[in-house]
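Below is the file structure-v1.cif, which contains mmCIF, C-alpha atoms and all ligand atoms.
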data_entry
loop_
_atom_site.label_atom_id
_atom_site.label_comp_id
_atom_site.auth_asym_id
_atom_site.auth_seq_id
_atom_site.Cartn_x
_atom_site.Cartn_y
_atom_site.Cartn_z
CA MET A 1 130.42 128.37 72.89
CA PRO A 2 133.92 127.87 74.39
CA LEU A 3 136.75 129.56 72.53
CA ALA A 4 139.00 127.20 70.54
CA PRO A 5 142.31 126.73 72.39
CA SER A 6 145.30 128.58 70.95
CA PRO A 7 147.44 126.21 68.90
CA THR A 8 150.75 125.61 70.68
CA LEU A 9 153.95 126.15 68.69
CA LEU A 10 157.59 125.55 69.51
CA VAL A 11 159.61 128.57 68.38
CA THR A 12 163.33 127.79 68.34
CA GLY A 13 165.57 130.85 68.35
CA GLY A 14 162.65 133.05 69.40
CA ALA A 15 164.92 135.38 71.37
CA GLY A 16 166.78 136.44 68.22
CA TYR A 17 166.19 139.27 65.78
CA ILE A 18 163.64 137.70 63.43
CA GLY A 19 162.22 135.30 66.03
CA SER A 20 161.34 138.04 68.52
CA HIS A 21 159.46 140.06 65.88
CA THR A 22 157.68 136.94 64.69
CA LEU A 23 156.52 136.13 68.24
CA ILE A 24 154.48 139.32 68.20
CA GLU A 25 152.70 138.38 64.98
CA LEU A 26 152.15 134.79 66.16
CA ILE A 27 150.62 135.92 69.45
CA GLN A 28 148.42 138.45 67.66
CA ALA A 29 147.29 135.68 65.29
CA GLY A 30 146.17 133.58 68.27
CA TYR A 31 149.04 131.14 68.68
CA ARG A 32 150.64 130.08 71.96
CA PRO A 33 154.39 130.11 71.31
CA ILE A 34 156.86 128.25 73.52
CA VAL A 35 160.34 129.69 73.00
CA LEU A 36 163.41 127.48 73.03
CA ASP A 37 166.67 129.42 72.85
CA ASN A 38 170.19 128.89 74.17
CA PHE A 39 170.75 132.68 74.24
CA SER A 40 174.04 132.37 72.35
CA ASN A 41 172.91 135.32 70.22
CA GLY A 42 169.46 136.15 71.57
CA SER A 43 168.25 138.33 74.40
CA ALA A 44 166.02 137.67 77.39
CA HIS A 45 165.28 141.44 77.35
CA ALA A 46 163.81 141.07 73.87
CA LEU A 47 161.41 138.45 75.19
CA LYS A 48 160.41 140.73 78.08
CA ARG A 49 159.66 143.45 75.56
CA VAL A 50 157.58 141.05 73.46
CA GLU A 51 155.60 140.37 76.63
CA SER A 52 155.01 144.04 77.32
CA LEU A 53 154.08 144.79 73.69
CA THR A 54 151.59 141.93 73.51
CA GLY A 55 150.42 141.68 77.13
CA HIS A 56 151.08 137.93 76.85
CA ALA A 57 153.27 135.98 79.30
CA LEU A 58 155.74 133.91 77.31
CA GLU A 59 156.83 130.39 78.13
CA VAL A 60 160.59 130.30 77.66
CA ILE A 61 162.95 127.35 77.86
CA GLU A 62 166.67 128.06 77.95
CA GLY A 63 168.17 125.17 76.04
CA ASP A 64 169.80 123.89 72.89
CA ILE A 65 168.22 122.37 69.79
CA ARG A 66 170.99 119.75 69.90
CA ASP A 67 169.77 118.48 73.28
CA ALA A 68 167.59 115.50 72.30
CA ALA A 69 166.53 114.69 75.88
CA LEU A 70 165.39 118.26 76.49
CA LEU A 71 163.40 118.31 73.25
CA ASP A 72 161.69 115.02 74.11
CA THR A 73 160.75 116.44 77.51
CA VAL A 74 159.32 119.61 75.99
CA PHE A 75 157.19 117.73 73.46
CA HIS A 76 156.13 115.17 76.06
CA GLN A 77 155.19 117.70 78.76
CA THR A 78 153.07 119.86 76.49
CA LYS A 79 151.19 116.73 75.44
CA ALA A 80 150.76 115.61 79.05
CA HIS A 81 149.30 119.02 79.89
CA GLY A 82 146.70 118.67 77.15
CA ALA A 83 148.08 121.33 74.81
CA PRO A 84 150.47 119.44 72.54
CA ILE A 85 152.84 121.30 70.23
CA GLN A 86 151.21 121.37 66.81
CA GLY A 87 154.04 122.89 64.83
CA VAL A 88 157.58 124.23 64.99
CA VAL A 89 158.90 127.55 63.74
CA HIS A 90 162.63 126.95 63.50
CA PHE A 91 164.83 130.06 63.65
CA ALA A 92 167.64 128.74 65.87
CA GLY A 93 171.00 128.63 64.17
CA LEU A 94 174.25 130.39 63.43
CA LYS A 95 174.14 132.98 60.67
CA ALA A 96 177.47 134.74 60.04
CA VAL A 97 178.89 133.87 56.64
CA GLY A 98 182.53 134.78 57.45
CA GLU A 99 182.44 132.83 60.72
CA SER A 100 181.06 129.81 58.85
CA VAL A 101 184.13 129.83 56.61
CA ALA A 102 186.42 130.00 59.67
CA ALA A 103 184.52 127.45 61.78
CA PRO A 104 182.50 125.26 59.40
CA LEU A 105 182.04 122.39 61.86
CA ASP A 106 180.23 124.67 64.31
CA TYR A 107 177.85 125.61 61.52
CA TYR A 108 177.20 122.04 60.36
CA GLN A 109 176.84 120.97 63.99
CA THR A 110 174.31 123.64 64.98
CA ASN A 111 172.43 124.23 61.76
CA VAL A 112 172.37 120.73 60.28
CA ALA A 113 172.84 118.31 63.20
CA GLY A 114 170.68 120.56 65.41
CA THR A 115 167.85 120.44 62.89
CA LEU A 116 168.15 116.64 62.59
CA THR A 117 167.85 116.34 66.37
CA LEU A 118 164.80 118.59 66.30
CA LEU A 119 163.16 116.57 63.51
CA GLN A 120 163.79 113.33 65.38
CA ALA A 121 162.11 114.75 68.47
CA MET A 122 159.21 115.93 66.28
CA ASP A 123 158.89 112.41 64.86
CA GLN A 124 158.82 110.92 68.36
CA ALA A 125 156.04 113.31 69.29
CA GLN A 126 154.29 112.95 65.92
CA VAL A 127 154.53 116.65 65.17
CA HIS A 128 154.38 117.02 61.42
CA THR A 129 154.62 120.74 60.69
CA ILE A 130 157.74 122.91 60.48
CA VAL A 131 158.47 126.37 59.10
CA PHE A 132 162.21 126.76 58.55
CA SER A 133 164.38 129.88 58.25
CA SER A 134 166.18 129.37 54.97
CA SER A 135 167.98 132.07 53.04
CA ALA A 136 168.44 133.50 49.56
CA THR A 137 172.05 132.49 50.17
CA VAL A 138 171.14 128.98 48.97
CA TYR A 139 171.10 130.26 45.36
CA GLY A 140 174.78 131.23 45.23
CA ILE A 141 176.02 133.03 42.13
CA PRO A 142 172.99 134.36 40.26
CA ARG A 143 172.43 133.05 36.74
CA GLU A 144 169.70 135.62 36.22
CA GLN A 145 167.65 138.11 38.20
CA PRO A 146 165.31 138.02 39.94
CA TYR A 147 165.90 134.73 41.74
CA THR A 148 162.89 132.44 41.39
CA GLU A 149 162.59 129.31 43.50
CA MET A 150 163.58 127.37 40.36
CA HIS A 151 167.05 128.93 40.33
CA PRO A 152 169.71 126.25 40.91
CA ILE A 153 170.77 125.72 44.51
CA ALA A 154 174.53 126.28 44.63
CA PRO A 155 175.66 127.97 47.85
CA ILE A 156 179.18 129.36 47.95
CA ASN A 157 179.96 129.21 51.68
CA PRO A 158 179.43 126.75 54.56
CA TYR A 159 176.56 128.82 56.03
CA GLY A 160 174.66 128.62 52.74
CA GLN A 161 175.48 124.90 52.47
CA THR A 162 173.87 124.27 55.86
CA LYS A 163 170.66 125.95 54.70
CA ALA A 164 170.64 123.98 51.43
CA MET A 165 171.31 120.72 53.30
CA VAL A 166 168.47 121.30 55.74
CA GLU A 167 166.14 122.09 52.85
CA GLN A 168 167.09 118.74 51.28
CA VAL A 169 166.56 116.93 54.59
CA LEU A 170 163.11 118.50 54.89
CA ARG A 171 162.23 117.56 51.32
CA ASP A 172 163.16 113.91 52.04
CA TRP A 173 161.42 114.01 55.44
CA CYS A 174 158.19 115.16 53.84
CA ALA A 175 158.43 112.53 51.10
CA THR A 176 158.28 109.66 53.60
CA LEU A 177 154.97 110.55 55.25
CA PRO A 178 152.14 112.38 53.47
CA ALA A 179 151.07 114.25 56.63
CA ARG A 180 154.44 116.01 56.99
CA ARG A 181 154.56 119.68 56.04
CA ALA A 182 157.72 121.75 55.73
CA ILE A 183 157.88 125.29 54.44
CA CYS A 184 161.34 126.72 53.87
CA LEU A 185 161.22 130.50 53.80
CA ARG A 186 164.12 131.89 51.80
CA TYR A 187 164.62 135.30 53.35
CA PHE A 188 166.31 138.04 51.37
CA ASN A 189 167.84 140.88 53.45
CA PRO A 190 165.79 141.53 56.60
CA ILE A 191 166.26 144.99 58.11
CA GLY A 192 164.30 147.46 60.24
CA ALA A 193 162.61 147.01 63.56
CA HIS A 194 159.29 147.00 65.37
CA PRO A 195 157.64 150.43 64.97
CA SER A 196 157.36 150.79 68.77
CA GLY A 197 161.14 151.25 68.95
CA MET A 198 161.24 148.48 71.58
CA LEU A 199 162.47 145.58 69.46
CA GLY A 200 165.20 145.50 66.88
CA GLU A 201 168.47 144.00 65.74
CA ALA A 202 171.19 143.95 68.38
CA PRO A 203 174.31 142.42 66.85
CA GLN A 204 177.15 141.47 69.16
CA GLY A 205 180.41 143.28 68.32
CA ILE A 206 181.02 144.85 64.93
CA PRO A 207 178.00 144.30 62.67
CA ASN A 208 178.61 142.14 59.60
CA ASN A 209 175.55 143.44 57.81
CA LEU A 210 175.03 146.79 56.15
CA PHE A 211 171.94 148.14 57.88
CA PRO A 212 172.99 147.75 61.54
CA PHE A 213 176.36 149.21 60.57
CA ILE A 214 174.65 152.28 59.11
CA THR A 215 172.47 152.74 62.20
CA GLN A 216 175.50 152.43 64.49
CA VAL A 217 177.32 155.13 62.50
CA ALA A 218 174.21 157.33 62.73
CA VAL A 219 174.05 156.97 66.49
CA GLY A 220 177.76 157.76 66.87
CA LYS A 221 179.02 154.29 67.78
CA ARG A 222 181.16 154.03 64.62
CA SER A 223 182.97 156.75 62.74
CA HIS A 224 182.03 155.84 59.18
CA LEU A 225 180.70 153.14 56.89
CA ASN A 226 183.01 151.16 54.63
CA ILE A 227 181.25 150.55 51.33
CA PHE A 228 182.59 147.34 49.82
CA GLY A 229 182.94 148.02 46.12
CA ASN A 230 181.86 150.88 43.85
CA ASP A 231 182.69 149.19 40.56
CA TYR A 232 179.89 146.63 40.31
CA PRO A 233 177.80 146.61 37.13
CA THR A 234 174.84 148.09 39.02
CA VAL A 235 172.87 151.33 39.01
CA ASP A 236 175.62 153.26 40.85
CA GLY A 237 178.45 150.72 41.19
CA THR A 238 177.51 149.56 44.70
CA GLY A 239 175.94 146.22 45.59
CA VAL A 240 172.19 145.76 45.16
CA ARG A 241 170.02 143.69 47.52
CA ASP A 242 166.35 143.07 48.26
CA TYR A 243 165.87 144.62 51.72
CA ILE A 244 162.71 143.50 53.48
CA HIS A 245 161.12 144.84 56.65
CA VAL A 246 161.50 142.34 59.49
CA LEU A 247 157.80 142.67 60.32
CA ASP A 248 156.81 141.77 56.76
CA LEU A 249 158.98 138.70 57.24
CA ALA A 250 157.25 137.99 60.57
CA VAL A 251 153.84 138.11 58.89
CA GLY A 252 155.18 135.69 56.28
CA HIS A 253 155.63 133.07 59.03
CA VAL A 254 152.02 133.39 60.13
CA LYS A 255 150.91 133.00 56.51
CA ALA A 256 153.19 129.98 56.07
CA LEU A 257 151.71 128.33 59.17
CA GLU A 258 148.18 129.03 57.98
CA HIS A 259 149.04 127.49 54.64
CA ALA A 260 150.69 124.45 56.24
CA ARG A 261 147.72 123.89 58.54
CA GLY A 262 145.35 124.11 55.57
CA THR A 263 147.15 121.58 53.37
CA THR A 264 147.35 117.82 53.64
CA GLY A 265 151.13 117.81 53.50
CA GLY A 266 154.25 118.33 51.47
CA PHE A 267 157.36 120.45 51.02
CA ALA A 268 157.62 124.01 49.73
CA ALA A 269 160.44 126.52 49.41
CA VAL A 270 159.31 130.12 49.11
CA ASN A 271 161.16 133.41 48.59
CA LEU A 272 160.34 136.18 51.04
CA GLY A 273 161.47 139.43 49.48
CA THR A 274 159.94 142.60 48.10
CA GLY A 275 160.93 142.04 44.48
CA ARG A 276 162.82 145.35 44.49
CA GLY A 277 166.58 145.86 44.47
CA THR A 278 168.25 148.74 46.35
CA SER A 279 171.90 149.73 46.13
CA VAL A 280 174.11 150.49 49.14
CA LEU A 281 174.11 154.20 48.22
CA GLU A 282 170.33 154.27 47.75
CA LEU A 283 169.82 152.73 51.18
CA LEU A 284 172.34 155.10 52.72
CA ASN A 285 170.69 158.17 51.17
CA THR A 286 167.20 157.07 52.18
CA PHE A 287 168.37 156.43 55.73
CA SER A 288 170.10 159.83 55.90
CA ALA A 289 167.00 161.63 54.68
CA ILE A 290 164.76 159.85 57.19
CA SER A 291 167.05 160.12 60.20
CA GLY A 292 168.46 163.55 59.43
CA ARG A 293 171.93 162.12 60.13
CA LYS A 294 174.87 162.35 57.78
CA ILE A 295 176.56 158.98 57.32
CA PRO A 296 180.24 159.41 56.43
CA TYR A 297 181.51 156.64 54.18
CA GLU A 298 184.62 155.44 52.39
CA PHE A 299 184.78 153.18 49.37
CA GLN A 300 186.77 150.01 49.92
CA PRO A 301 187.57 147.07 47.66
CA ARG A 302 184.83 144.51 47.07
CA ARG A 303 184.16 142.13 49.97
CA PRO A 304 185.22 138.57 49.06
CA GLY A 305 182.23 136.33 48.32
CA ASP A 306 179.81 139.18 47.56
CA ILE A 307 177.65 139.14 44.46
CA ALA A 308 176.84 142.31 42.52
CA GLU A 309 173.09 142.20 42.85
CA CYS A 310 170.14 140.07 43.79
CA TRP A 311 166.46 140.43 44.42
CA ALA A 312 163.52 138.11 44.78
CA ASP A 313 160.73 137.06 42.53
CA PRO A 314 158.16 136.97 45.36
CA SER A 315 155.25 135.69 43.25
CA THR A 316 155.23 132.18 44.78
CA ALA A 317 154.71 133.68 48.23
CA GLU A 318 151.73 135.62 46.96
CA ALA A 319 150.22 132.70 45.04
CA LEU A 320 150.83 130.01 47.67
CA LEU A 321 150.72 131.86 50.98
CA GLY A 322 148.72 134.98 50.11
CA TRP A 323 151.66 137.02 51.37
CA LYS A 324 153.16 140.18 49.96
CA ALA A 325 155.57 142.68 51.53
CA THR A 326 153.76 145.93 52.32
CA ARG A 327 156.37 148.08 54.07
CA THR A 328 158.56 150.53 52.15
CA LEU A 329 162.28 151.24 52.34
CA GLU A 330 161.33 154.46 54.16
CA ASP A 331 159.42 152.39 56.76
CA MET A 332 162.46 150.13 57.22
CA CYS A 333 164.73 153.15 57.76
CA ALA A 334 162.31 155.00 60.06
CA ASP A 335 161.64 151.95 62.23
CA GLY A 336 165.30 150.90 62.28
CA TRP A 337 166.37 154.41 63.28
CA ARG A 338 163.72 154.65 66.02
CA TRP A 339 165.05 151.41 67.48
CA GLN A 340 168.72 152.37 67.26
CA SER A 341 168.31 155.93 68.51
CA ARG A 342 166.25 154.83 71.53
CA ASN A 343 168.49 151.83 72.27
CA PRO A 344 172.02 152.88 71.28
CA ASN A 345 173.47 149.83 73.01
CA GLY A 346 170.79 147.38 71.94
CA TYR A 347 169.16 145.53 74.82
CA GLU A 348 172.02 146.38 77.19
CA ASP A 349 170.53 149.77 78.14
P1 LIG B 1 169.67 135.60 65.54
O1 LIG B 1 171.07 135.16 65.79
O2 LIG B 1 169.26 136.94 66.03
O3 LIG B 1 168.65 134.53 66.13
C1 LIG B 1 168.97 133.16 66.22
C2 LIG B 1 168.57 132.70 67.62
O4 LIG B 1 168.88 131.30 67.74
C3 LIG B 1 169.34 133.43 68.73
O5 LIG B 1 168.42 133.89 69.70
C4 LIG B 1 170.26 132.37 69.29
O6 LIG B 1 170.52 132.56 70.67
C5 LIG B 1 169.49 131.09 69.00
N1 LIG B 1 170.33 129.89 68.85
C6 LIG B 1 171.48 129.76 68.15
N2 LIG B 1 171.94 128.50 68.26
C7 LIG B 1 171.06 127.82 69.03
C8 LIG B 1 170.98 126.48 69.49
N3 LIG B 1 171.93 125.60 69.20
N4 LIG B 1 169.94 126.12 70.27
C9 LIG B 1 168.98 127.03 70.61
N5 LIG B 1 169.01 128.31 70.20
C10 LIG B 1 170.03 128.70 69.41
O7 LIG B 1 169.42 135.47 63.97
P2 LIG B 1 168.21 136.00 63.09
O8 LIG B 1 168.73 137.09 62.22
O9 LIG B 1 167.02 136.21 63.91
O10 LIG B 1 168.01 134.74 62.14
C11 LIG B 1 167.08 133.72 62.45
C12 LIG B 1 167.21 132.63 61.41
O11 LIG B 1 167.02 133.18 60.11
C13 LIG B 1 168.57 131.95 61.37
O12 LIG B 1 168.38 130.57 61.14
C14 LIG B 1 169.27 132.60 60.20
O13 LIG B 1 170.22 131.74 59.62
C15 LIG B 1 168.11 132.84 59.27
N6 LIG B 1 168.33 133.95 58.32
C16 LIG B 1 168.68 135.18 58.81
C17 LIG B 1 168.91 136.22 57.91
C18 LIG B 1 169.36 137.58 58.39
O14 LIG B 1 169.89 138.34 57.59
N7 LIG B 1 169.15 137.93 59.65
C19 LIG B 1 168.75 136.01 56.54
C20 LIG B 1 168.37 134.74 56.09
C21 LIG B 1 168.16 133.71 57.00
C1 LIG B 2 174.58 144.04 51.80
C2 LIG B 2 175.37 144.93 50.85
C3 LIG B 2 177.74 144.51 50.89
C4 LIG B 2 178.39 145.80 55.01
C5 LIG B 2 174.15 138.54 54.24
C6 LIG B 2 174.35 137.06 54.18
C7 LIG B 2 173.09 136.38 53.79
C8 LIG B 2 171.92 136.79 54.67
C9 LIG B 2 171.83 138.28 54.83
C10 LIG B 2 171.62 135.15 56.36
C11 LIG B 2 176.47 144.19 50.08
C12 LIG B 2 177.45 145.90 51.40
C13 LIG B 2 177.84 145.48 53.80
C14 LIG B 2 179.24 146.95 55.10
C15 LIG B 2 178.90 147.33 52.75
N1 LIG B 2 172.06 136.28 55.99
N2 LIG B 2 178.09 146.23 52.68
N3 LIG B 2 179.46 147.67 53.96
O1 LIG B 2 175.87 140.07 52.12
O2 LIG B 2 173.63 140.51 51.05
O3 LIG B 2 173.76 139.00 52.96
O4 LIG B 2 173.09 138.83 55.17
O5 LIG B 2 171.11 134.30 55.70
O6 LIG B 2 173.34 135.03 53.88
O7 LIG B 2 175.36 136.78 53.22
O8 LIG B 2 174.08 141.38 53.35
O9 LIG B 2 174.06 143.39 54.76
O10 LIG B 2 176.17 142.01 54.63
O11 LIG B 2 175.48 143.34 52.66
O12 LIG B 2 179.15 148.01 51.75
O13 LIG B 2 179.78 147.29 56.17
O14 LIG B 2 176.06 145.92 51.63
O15 LIG B 2 178.91 144.50 50.13
O16 LIG B 2 176.55 144.77 48.81
P1 LIG B 2 174.43 140.25 52.26
P2 LIG B 2 174.97 142.54 53.96
#
Since I need it in another form, could you write the structure as structure tokens?
Ligand code: NAD
Ligand code: WQD
Amino acid sequence: MPLAPSPTLLVTGGAGYIGSHTLIELIQAGYRPIVLDNFSNGSAHALKRVESLTGHALEVIEGDIRDAALLDTVFHQTKAHGAPIQGVVHFAGLKAVGESVAAPLDYYQTNVAGTLTLLQAMDQAQVHTIVFSSSATVYGIPREQPYTEMHPIAPINPYGQTKAMVEQVLRDWCATLPARRAICLRYFNPIGAHPSGMLGEAPQGIPNNLFPFITQVAVGKRSHLNIFGNDYPTVDGTGVRDYIHVLDLAVGHVKALEHARGTTGGFAAVNLGTGRGTSVLELLNTFSAISGRKIPYEFQPRRPGDIAECWADPSTAEALLGWKATRTLEDMCADGWRWQSRNPNGYED
């Protein structure tokens, strides 16, 4: 009997941190991903490494999700070649909260208008399935912990607004045609790297996020960590977050696609987190113990816009998608350190 052809997927932003890790899981699950990325924050080296880790030659299109003509061509050509795109995994976007406050129009343009352009191209090509990278940021100031998907949506910065707006667009998009399926995955705090040490997070310039900052201090690229606030009402006064291994997140996308392909249609928003909160000091101490590196730090005032603590109620993901995070904080630190110590300058080595 002939093997069933691999379902073709368009993966926007596949050259980025979460996208590149997800490509590995998608390929291993039997999908044929076509990557569309404008390389504004992604790396062609990451894609090469995905190829060598999987033994699979990737199809890569350098282009922008806001380019309607390009999108139409991509959907049309895959159809003409007899392997039409069956779904879209949509990572492409801008993600720095502070930058979104300084340049909101760029964020609305890329994240919101870009997604509208993508959806219009999907409609033209009659592609009805999308998995979207949303964020726990959509919840804003927590009313209670953990965040469930029923928590009010009230983002407090333009970046979060773009995610909430796209979720609303997808909800309305699904409501107009029963066959449409959109799953918004609300990521908590993705950290860590592929256990091979070949793929990881490679932020440009000074990292905004805690974990890549810690790994850059450990490898000697930065002198010390600034800890923003030690007077929060938390276990030790520092901020608490739900850190999740990037590969657990990647598996979540495969599960979301399986779910979408097995349902008749509809919209869902699903938390992807571990359900466990970790403070800045707890993460720092775990990382130090795993890496054997001392991480000097200084306490600084609270960072504007930060909340004291948040973590996920991940039970919807388990009930709906059959997904649960399996990797520990120690795994996240070990894998993140392997990546950083072997690639001190990211993909530039
Ligand atoms: P990333 O910046 O590493 O990856 C995004 C990719 O999209 C990059 O490769 C970039 O070059 C590409 N891109 C950006 N604008 C584009 C455009 N207009 N057209 C085509 N490609 C474009 O970010 P990431 O951490 O991998 O995040 C992926 C997605 O997940 C983003 O949508 C982000 O908002 C969301 N998210 C990330 C986090 C996080 O902490 N990393 C948390 C929650 C949600
Ligand atoms: C974690 C904790 C900081 C840096 C952000 C976005 C969110 C999502 C994930 C995309 C906090 C503290 C940090 C440092 C520190 N991204 N910290 N020193 O703020 O929870 O979430 O990334 O969707 O939208 O807002 O993550 O890693 O920046 O901070 O003390 O140098 O570490 O105050 O308590 P955050 P983070």
May I ask which of the residues A:Pro155, A:Gly273, A:Gly336, A:Gly63 is the closest one to Leu249 in chain A, counting only C-alpha atoms?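 Of the candidates, the smallest distance to Leu249 in chain A is held by A:Gly273.
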Using all atoms listed in the file, which of A:Gly16, A:Pro146, A:Gly114, A:Gly229 sits nearest Asp37 in chain A?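 Counting all atoms listed in the file, the residue closest to Asp37 in chain A is A:Gly16.
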Of the candidates A:Phe228, A:Tyr31, A:Tyr347, A:Phe287, which one gets nearest to ligand LIG 2 (chain B) if we count all atoms listed in the file?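 The closest residue to ligand LIG 2 (chain B) is A:Phe228.
Atom pair CA of Arg338 in chain A / CA of His45 in chain A: separated by 17.5 Å.
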Distance table requested - chain A against ligand LIG 1 (chain B), cut-off 9 Å, all atoms listed in the file: one row per qualifying residue with the closest atom pair and its distance in Å to one decimal, ordered by chain and rising residue number, as a tab-separated table.
residue	atom	partner	partner_atom	distance
A:Thr12	CA	B:LIG1	N5	6.0
A:Gly13	CA	B:LIG1	O4	3.4
A:Gly14	CA	B:LIG1	O5	5.8
A:Ala15	CA	B:LIG1	O5	4.2
A:Gly16	CA	B:LIG1	O2	3.3
A:Tyr17	CA	B:LIG1	O9	3.7
A:Ile18	CA	B:LIG1	O9	3.7
A:Gly19	CA	B:LIG1	O9	5.3
A:Ser20	CA	B:LIG1	O9	7.5
A:His21	CA	B:LIG1	O9	8.7
A:Leu36	CA	B:LIG1	C9	6.1
A:Asp37	CA	B:LIG1	N5	3.7
A:Asn38	CA	B:LIG1	N5	4.2
A:Phe39	CA	B:LIG1	O6	3.6
A:Ser40	CA	B:LIG1	O6	3.9
A:Asn41	CA	B:LIG1	O6	3.7
A:Gly42	CA	B:LIG1	O5	3.1
A:Ser43	CA	B:LIG1	O5	6.5
A:Ala44	CA	B:LIG1	O5	8.9
A:Glu62	CA	B:LIG1	C9	7.8
A:Gly63	CA	B:LIG1	C9	5.8
A:Asp64	CA	B:LIG1	N4	3.4
A:Ile65	CA	B:LIG1	N4	4.2
A:Arg66	CA	B:LIG1	N3	6.0
A:Asp67	CA	B:LIG1	N4	8.2
A:His90	CA	B:LIG1	O12	7.2
A:Phe91	CA	B:LIG1	C12	4.2
A:Ala92	CA	B:LIG1	O4	3.4
A:Gly93	CA	B:LIG1	C6	4.2
A:Leu94	CA	B:LIG1	C6	5.5
A:Lys95	CA	B:LIG1	O13	4.2
A:Ala96	CA	B:LIG1	O13	7.9
A:Gln109	CA	B:LIG1	N3	8.5
A:Thr110	CA	B:LIG1	N3	5.2
A:Asn111	CA	B:LIG1	O12	7.5
A:Gly114	CA	B:LIG1	N3	6.4
A:Phe132	CA	B:LIG1	O12	7.7
A:Ser133	CA	B:LIG1	O11	4.6
A:Ser134	CA	B:LIG1	C21	5.2
A:Ser135	CA	B:LIG1	C20	4.1
A:Ala136	CA	B:LIG1	C20	6.6
A:Thr137	CA	B:LIG1	C20	7.3
A:Tyr159	CA	B:LIG1	O13	7.8
A:Gly160	CA	B:LIG1	O13	8.8
A:Lys163	CA	B:LIG1	O13	7.6
A:Leu185	CA	B:LIG1	C21	8.3
A:Arg186	CA	B:LIG1	C20	6.7
A:Tyr187	CA	B:LIG1	C20	4.7
A:Phe188	CA	B:LIG1	C19	6.1
A:Asn189	CA	B:LIG1	O14	5.3
A:Pro190	CA	B:LIG1	O14	5.3
A:Ile191	CA	B:LIG1	O14	7.6
A:Glu201	CA	B:LIG1	O2	7.1
A:Ala202	CA	B:LIG1	O2	7.6
A:Pro203	CA	B:LIG1	O2	7.5
A:Asn209	CA	B:LIG1	O14	7.6
A:Val246	CA	B:LIG1	N7	8.8
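Take CA of Trp339 in chain A and CA of Thr274 in chain A: the distance between them is 21.9 Å.
If you look at CA of Gly192 in chain A and CA of Ser6 in chain A, they are 28.8 Å away from each other.
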Measuring atom to atom with all atoms listed in the file, identify which of A:Leu321, A:Ala103, A:Ile85, A:Ile307 is nearest to ligand LIG 2 (chain B).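 Going through A:Leu321, A:Ala103, A:Ile85, A:Ile307 one by one, the smallest distance to ligand LIG 2 (chain B) is for A:Ile307.
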Given only C-alpha atoms as the counted atoms, nearest of A:Gly205, A:Arg171, A:Asn230, A:Ala334 to Arg303 in chain A: A:Asn230
Could you check the closest approach to Leu47 in chain A for each of A:Ala319, A:Ala80, A:Leu199, A:Ile156 and tell me which residue wins, using all atoms listed in the file? A:Leu199
Would you pick out the contacts of Ser100 in chain A at 6 Å or less, using only C-alpha atoms, so that residues sharing its chain but fewer than 4 positions from it are not included, and give the list as a ChimeraX atom specification? /A:104,107,158-159
Find the residues around Met150 in chain A up to 12 Å (all atoms listed in the file counted), leave out those fewer than 4 positions away in its own chain, and share them as number ranges by chain. A: 138-139, 142-146, 154, 268-271, 312-313, 316
Using all atoms listed in the file, determine which residues lie at most 12 Å from Gln126 in chain A, disregarding the query and same-chain residues fewer than 5 positions distant; provide the list as an mmCIF file with C-alpha atoms, in the frame of the given file.
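Listed below is the output, selection.cif:
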data_model
loop_
_atom_site.group_PDB
_atom_site.id
_atom_site.type_symbol
_atom_site.label_atom_id
_atom_site.label_comp_id
_atom_site.auth_asym_id
_atom_site.auth_seq_id
_atom_site.Cartn_x
_atom_site.Cartn_y
_atom_site.Cartn_z
ATOM 1 C CA ASP A 72 161.690 115.020 74.110
ATOM 2 C CA PHE A 75 157.190 117.730 73.460
ATOM 3 C CA HIS A 76 156.130 115.170 76.060
ATOM 4 C CA LYS A 79 151.190 116.730 75.440
ATOM 5 C CA PRO A 84 150.470 119.440 72.540
ATOM 6 C CA ILE A 85 152.840 121.300 70.230
ATOM 7 C CA GLN A 86 151.210 121.370 66.810
ATOM 8 C CA GLY A 87 154.040 122.890 64.830
ATOM 9 C CA VAL A 88 157.580 124.230 64.990
ATOM 10 C CA LEU A 118 164.800 118.590 66.300
ATOM 11 C CA LEU A 119 163.160 116.570 63.510
ATOM 12 C CA GLN A 120 163.790 113.330 65.380
ATOM 13 C CA ALA A 121 162.110 114.750 68.470
ATOM 14 C CA LEU A 177 154.970 110.550 55.250
ATOM 15 C CA ALA A 179 151.070 114.250 56.630
ATOM 16 C CA ARG A 180 154.440 116.010 56.990
ATOM 17 C CA ARG A 181 154.560 119.680 56.040
#
Using all atoms listed in the file, which residues sit within 7 Å of range 251-255 of chain A once same-chain residues fewer than 2 positions away are excluded, as a list in words?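 Once the nearby chain positions are removed, what remains is Glu25, Leu26, Leu247, Asp248, Leu249, Leu257, Glu258, His259, Leu321 and Trp323 of chain A.
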Using all atoms listed in the file, which residues sit within 10 Å of range 232-245 of chain A once same-chain residues fewer than 5 positions away are excluded, as a PyMOL selection string? chain A and resi 136+146+187-194+211+227+250+272-283+299+302+306-312+325-333+335-336
May I have the residues at most 10 Å from (178.6, 155.0, 60.0) in the file's coordinates, counting only C-alpha atoms, as a list in words?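 Those residues lying close to the given coordinates are Leu210, Phe211, Pro212, Phe213, Ile214, Thr215, Gln216, Val217, Ala218, Val219, Gly220, Lys221, Arg222, Ser223, His224, Leu225, Asn226, Leu284, Arg293, Lys294, Ile295, Pro296, Tyr297 and Glu298 of chain A.
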